[in-house]
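Asker: First the structure, then my questions, so here it is.
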Amino acid sequence: MSAIEIENLFIKYRGQSDYALQGVNLRVKKGEFVGIIGPTGAGKSSFCTTLNGLIPNLIKPEEFKGDVTIFGLNTKEHTVAELSQHVGIVFQDFESQLFCTTVLLETSFGPGNLGLPREEILKRVDESLKWTRLTGFEKRYTYSLSGGEKQRLAIAATLSMHPTIIVLDEATADLDPVGKLEIYQIAKQFKEQQTATMVIVDHHLDRLAEIADRIVVLNNGQIIYDGKPREVFSHVDELIEMGLRPPQVTELFFRLGIKDEYPLDVNEAINRFPQNYKVTSPPKAISENFEARAIEIRNLSHTYDGEFWALKDINVTIGRGEFVGVIGPNGSGKTTFAQCINGIVRPTKGSIKLFGEEATIKSVSELGKIVGYVFQNPDYQIFSNTVREEFTVGPRSLGLSLEEVNQRVAEMLKTLGIENLANEDPFFLSKANRERVAVGAVLTLKPEIIILDEPTTGLSPGEVKKMMELAKSLNEQGKTIVAITHDMWVVAQYCKRVLVLHNGELQLDGPTQNVFSQIDLLKKFYVEPPQVCRFSQAKFGETFLTIEELMKHVTLGG
């Protein structure tokens with residue numbers, strides 16, 4: 001008996017002209033690890049939501065045809081409660097799954113509802129917290145956790161149920177690189193022990209490539225490819241055309257025209273790379289000098305409860321027009337650092353000057369004219385009924401004329417390419433478009449400093465590129481950009497300088513190339529540079545940040 005059987009599945013939502021899923025057929029064996037990939041709107045979340053019966057039992061589409069069977073149980077004939085004993089799902093919007101006050105209560109809620117003995121419940125709690133690096137957090141309030149810690153908690157709560165099918169719908173998006181690796185290692189353990197069947201939706205294809213048995217590519221509601229990772233990821237151009245990013249080493253071999261079986265990981269690439277390729281005149285990291293100072297931070301420390309220090313004695317200066325990446329593990333203080341700069345958080349100690357003026361004595365509204373802050377979760381800052389209204393709030397607060405307000409709104413709608421969404425309710429837009437709305441609402445204020453707090457979370461690589469190209473354009477216009485992200489390829493491609501935080505302390509600060517060359521040191525801070533950085537350093541003793549950069553400096557020798 002298959003773990004999952006899907007036959008001729010069609011789903012169409014009310015008000016939509018296109019099918020979310022059309023004619024999907026798929027069988028997944030017990031213990032199999034299947035990666036589901038595809039661009040935004042491909043139907044991935046709809047697919048996942050059918051597996052535990054949310055569709056069609058609780059979420060009722062306009063049209064639902066076909067059959068979804070879980071270990072012989074047709075989801076149309078069984079309740080979500082019955083199916084939840086077999087299928088555990090962690091969604092991209094993990095916060096909607098957390099409803100208990102503490103970590104201990106959250107992770108014990110599921111097994112408690114199964115009627116298990118107290119000893120078994122505590123055993124499962126300990127086990128799941130250890131797997132997700134949350135041991136010691138049992139008494140922490142869920143609201144006090146960072147975004148990444150909340151995501152790990154949602155995963156832990158699901159794992160504590162010991163489901164026979166585990167579905168992660170972009171559930172590692174907010175995790176630091178090592179956090180993602182740890183979840184995949186858990187999945188690998190389940191795969192090897194055949195403890196559970198795994199279905200994982202993720203945009204980080206290098207991870208899926210290393211562990212998944214199969215890769216299924218969805219696009220426009222249909223299965224485009226279904227096969228082993230090496231076979232599917234060999235379609236490099238087609239995947240990039242869809243807005244996806246194959247593993248960097250796979251793309252490198254493809255771009256260089258190396259006639260060999262494409263590698264999926266760094267070790268394979270090192271072993272298979274032809275010896276007659278040489279690197280000439282590698283680029284050197286350059287420390288840019290900025291005469292004007294945009295941000296000056298001295299002895300910055302902050303505690304929320306008087307005991308745990310989220311930030312400890314941070315000292316850093318950022319020049320006007322810099323593009324700086326802030327990285328580090330979940331809970332390292334990145335968001336607190338950023339929110340101190342724009343006044344959302346008042347630092348316990350220290351000084352912050354913006355363009356020479358002390359910021360810690362200014363109100364949030366005053367700082368908002370200088371520092372634009374885009375939240376990790378766009379839903380935290382969207383509150384208007386239409387996109388157009390959302391874009392008018394900032395300019396109107398500045399006391400601008402109606403003509404100037406309308407001009408700024410029109411410019412921003414055009415810049416973001418969402419003129420067709422001007423009269424739409426932002427809450428019903430996709431995550432990518434809600435992110436654009438949040439960014440646009442900030443940019444209508446025309447701030448000199450722009451802070452992007454995890455702007456790429458949950459977006460497809462194609463959407464991430466559009467977002468970061470906008471940030472790059474603003475930076476080229478003289479804006480100072482501070483980007484917090486766990487997507488290391490984003491840092492490598494766009495950020496000229498990197499700050500590494502760990503346990504509230506500034507551990508590294510320097511040009512991106514210099515920072516990413518310290519691979520062993522970064523491991524201690526739960527940071528893993530992109531594949532191309534690790535490959536080029538191991539193979540050539542030089543750190544290249546992007547495939548394009550490496551290809552400019554690699555030549556065929558004699």
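Note on naming: chains are A, B, ... as they come in the structure tokens, residues start from 1 per chain, ligands start from 1 in the order shown.
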Report the residues of stretch 51-245 of chain A whose backbone DSSP state falls under strand (DSSP E or B), written as a PyMOL selection string.
Answerer: chain A and resi 63-70+73-74+87-90+102+141+165-169+197-201+214-219+222-227
Asker: If we count only C-alpha atoms and set the cut-off at 9 Å, which residues sit around stretch 429-434 of chain A, ignoring sequence neighbours fewer than 4 positions away in its own chain? Please answer as a ChimeraX atom specification.
Answerer: /A:40-41,378-379,382,418,421,424-425,438-439,456,458-460,463-464
Asker: Please produce a file of the residues just selected, as a short mmCIF file (atom, residue, chain, number, x, y, z; two decimals), in the first residue's frame, where the atoms kept are N, CA and C atoms.
Answerer:
```cif
data_model
loop_
_atom_site.label_atom_id
_atom_site.label_comp_id
_atom_site.auth_asym_id
_atom_site.auth_seq_id
_atom_site.Cartn_x
_atom_site.Cartn_y
_atom_site.Cartn_z
N THR A 40 6.10 30.43 -7.16
CA THR A 40 4.91 30.86 -6.42
C THR A 40 3.69 30.75 -7.32
N GLY A 41 2.61 30.20 -6.74
CA GLY A 41 1.38 30.04 -7.52
C GLY A 41 1.32 28.75 -8.31
N PRO A 378 5.18 40.73 6.69
CA PRO A 378 4.52 41.93 6.16
C PRO A 378 3.16 42.19 6.79
N ASP A 379 2.51 41.15 7.32
CA ASP A 379 1.19 41.33 7.92
C ASP A 379 1.24 42.18 9.18
N ILE A 382 0.78 45.93 7.48
CA ILE A 382 -0.28 46.23 6.51
C ILE A 382 -1.61 46.32 7.25
N ILE A 418 3.01 46.60 -9.64
CA ILE A 418 1.75 46.10 -9.09
C ILE A 418 0.61 47.10 -9.32
N LEU A 421 -2.80 45.85 -9.01
CA LEU A 421 -3.27 45.46 -7.67
C LEU A 421 -3.67 46.66 -6.81
N GLU A 424 -6.83 46.29 -4.83
CA GLU A 424 -7.02 45.00 -4.17
C GLU A 424 -6.79 45.12 -2.66
N ASP A 425 -7.45 44.25 -1.90
CA ASP A 425 -7.21 44.17 -0.46
C ASP A 425 -5.87 43.47 -0.24
N ALA A 438 4.36 45.95 1.56
CA ALA A 438 5.04 46.44 2.78
C ALA A 438 6.25 47.29 2.42
N VAL A 439 7.03 46.82 1.43
CA VAL A 439 8.20 47.59 0.99
C VAL A 439 7.76 48.91 0.38
N THR A 456 13.18 38.15 2.19
CA THR A 456 13.10 37.08 1.21
C THR A 456 12.37 35.84 1.72
N GLY A 458 10.01 33.01 2.40
CA GLY A 458 8.83 32.48 1.75
C GLY A 458 8.69 32.84 0.29
N LEU A 459 9.64 33.58 -0.27
CA LEU A 459 9.55 33.97 -1.67
C LEU A 459 10.34 32.98 -2.52
N SER A 460 9.89 32.81 -3.75
CA SER A 460 10.65 31.98 -4.69
C SER A 460 11.92 32.73 -5.06
N GLU A 463 11.33 35.70 -7.21
CA GLU A 463 10.75 36.84 -6.49
C GLU A 463 11.80 37.51 -5.61
N VAL A 464 12.67 36.69 -5.02
CA VAL A 464 13.76 37.24 -4.20
C VAL A 464 14.64 38.15 -5.06
#
```
Asker: Give me, as JSON, numbers by chain, the residues of stretch 379-537 of chain A that a backbone DSSP run labels helix (DSSP H, G or I).
Answerer: {"A": [379, 380, 387, 388, 389, 390, 391, 392, 393, 394, 395, 396, 397, 402, 403, 404, 405, 406, 407, 408, 409, 410, 411, 412, 413, 414, 415, 416, 419, 420, 421, 426, 427, 428, 431, 432, 433, 434, 435, 436, 437, 438, 439, 440, 441, 442, 443, 461, 462, 463, 464, 465, 466, 467, 468, 469, 470, 471, 472, 473, 474, 475, 476, 488, 489, 490, 491, 492, 493, 494, 512, 513, 514, 515, 516, 519, 520, 521, 522, 523, 524, 531, 532, 533, 534, 535, 536, 537]}
Asker: Could you check which of A:Val249, A:Val491, A:Val178, A:Cys100 is closest to A:Arg534, using only C-alpha atoms?
Answerer: A:Val249
Asker: Determine, for each residue of stretch 418-473 of chain A having at least one atom at most 10 Å from an atom of stretch 342-358 of chain A, the closest pair of atoms and their separation in Å to one decimal, counting only C-alpha atoms; order by chain and ascending number, as a Markdown table.
Answerer:
```
| residue | atom | partner | partner_atom | distance |
| --- | --- | --- | --- | --- |
| A:Glu448 | CA | A:Phe355 | CA | 9.7 |
| A:Ile449 | CA | A:Leu354 | CA | 9.1 |
| A:Ile450 | CA | A:Asn342 | CA | 9.6 |
| A:Ile451 | CA | A:Asn342 | CA | 8.6 |
```
Asker: Using atom CA of A:Gly319 and atom CA of A:Phe290 as the two end points, give the distance in Å to one decimal.
Answerer: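 Between atom CA of A:Gly319 and atom CA of A:Phe290 the gap works out to 5.1 Å.
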Asker: Excluding A:Pro283 and residues on its chain fewer than 5 positions from it, collect all residues at most 9 Å away from it, counting only C-alpha atoms, and give them as a PyMOL selection string.
Answerer: chain A and resi 542-544+549+553
Asker: For the residues in that selection, give me all heavy atoms as an mmCIF file, in the first residue's frame.
Answerer:
```
data_model
loop_
_atom_site.group_PDB
_atom_site.id
_atom_site.type_symbol
_atom_site.label_atom_id
_atom_site.label_comp_id
_atom_site.auth_asym_id
_atom_site.auth_seq_id
_atom_site.Cartn_x
_atom_site.Cartn_y
_atom_site.Cartn_z
ATOM 1 N N GLU A 542 40.650 30.124 -3.330
ATOM 2 C CA GLU A 542 40.131 31.492 -3.464
ATOM 3 C C GLU A 542 38.626 31.457 -3.249
ATOM 4 O O GLU A 542 37.957 30.492 -3.628
ATOM 5 C CB GLU A 542 40.433 32.073 -4.857
ATOM 6 C CG GLU A 542 41.903 32.105 -5.221
ATOM 7 C CD GLU A 542 42.679 33.191 -4.467
ATOM 8 O OE1 GLU A 542 42.031 34.017 -3.810
ATOM 9 O OE2 GLU A 542 43.914 33.190 -4.546
ATOM 10 N N THR A 543 38.092 32.531 -2.650
ATOM 11 C CA THR A 543 36.658 32.584 -2.381
ATOM 12 C C THR A 543 35.970 33.470 -3.408
ATOM 13 O O THR A 543 36.218 34.681 -3.473
ATOM 14 C CB THR A 543 36.378 33.119 -0.963
ATOM 15 O OG1 THR A 543 37.034 32.286 -0.011
ATOM 16 C CG2 THR A 543 34.878 33.135 -0.676
ATOM 17 N N PHE A 544 35.109 32.852 -4.211
ATOM 18 C CA PHE A 544 34.286 33.586 -5.159
ATOM 19 C C PHE A 544 32.859 33.611 -4.630
ATOM 20 O O PHE A 544 32.373 32.620 -4.089
ATOM 21 C CB PHE A 544 34.332 32.933 -6.540
ATOM 22 C CG PHE A 544 35.669 33.058 -7.220
ATOM 23 C CD1 PHE A 544 36.668 32.115 -6.995
ATOM 24 C CD2 PHE A 544 35.937 34.122 -8.057
ATOM 25 C CE1 PHE A 544 37.903 32.222 -7.611
ATOM 26 C CE2 PHE A 544 37.166 34.247 -8.674
ATOM 27 C CZ PHE A 544 38.156 33.303 -8.459
ATOM 28 N N GLU A 549 30.985 35.421 -11.082
ATOM 29 C CA GLU A 549 32.308 35.903 -10.700
ATOM 30 C C GLU A 549 33.364 34.821 -10.917
ATOM 31 O O GLU A 549 34.460 35.092 -11.443
ATOM 32 C CB GLU A 549 32.295 36.333 -9.226
ATOM 33 C CG GLU A 549 33.586 36.977 -8.749
ATOM 34 C CD GLU A 549 33.509 37.366 -7.290
ATOM 35 O OE1 GLU A 549 33.466 36.453 -6.434
ATOM 36 O OE2 GLU A 549 33.484 38.575 -7.005
ATOM 37 N N HIS A 553 36.848 34.285 -13.973
ATOM 38 C CA HIS A 553 38.250 34.126 -13.577
ATOM 39 C C HIS A 553 38.766 32.699 -13.719
ATOM 40 O O HIS A 553 39.876 32.404 -13.288
ATOM 41 C CB HIS A 553 38.433 34.596 -12.128
ATOM 42 C CG HIS A 553 38.175 36.053 -11.937
ATOM 43 N ND1 HIS A 553 39.139 37.009 -12.100
ATOM 44 C CD2 HIS A 553 37.033 36.712 -11.610
ATOM 45 C CE1 HIS A 553 38.616 38.211 -11.873
ATOM 46 N NE2 HIS A 553 37.347 38.047 -11.573
#
```
Asker: Give me the residues near A:Phe137 as a list of chain:residue names, where near means some atom within 9 Å (using only C-alpha atoms) and where sequence neighbours in that chain fewer than 6 positions away do not count.
Answerer: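 Within the cut-off, the hits are A:Thr102, A:Val103, A:Leu104, A:Leu129.
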Asker: Output the selection as a compact mmCIF listing (two decimals), in the first residue's frame - C-alpha atoms for each residue.
Answerer:
```
# COMPACT_ATOMS: atom_id res chain seq x y z
CA THR A 102 4.99 28.32 26.51
CA VAL A 103 7.28 26.06 24.51
CA LEU A 104 6.57 23.11 26.84
CA LEU A 129 13.11 19.97 21.32
```
Asker: Which residue gives the smallest distance to A:Val393 among A:Gln381, A:Asn220, A:Asn271, A:Asn503, with only C-alpha atoms counted?
Answerer: A:Gln381
Asker: Which residues are close to A:Asp213, i.e. within 7 Å by only C-alpha atoms, leaving aside same-chain residues fewer than 5 positions away? Reply as number ranges by chain.
Answerer: A: 32-34, 228
Asker: How far is it from atom CA of A:Ala269 to atom CA of A:Pro529, in Å with one decimal?
Answerer: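 Between atom CA of A:Ala269 and atom CA of A:Pro529 the gap is 15.8 Å.
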Asker: Here is a test: counting only C-alpha atoms, which residue of A:Val371, A:Leu300, A:Met488, A:Leu550 is nearest to A:Leu522?
Answerer: A:Met488
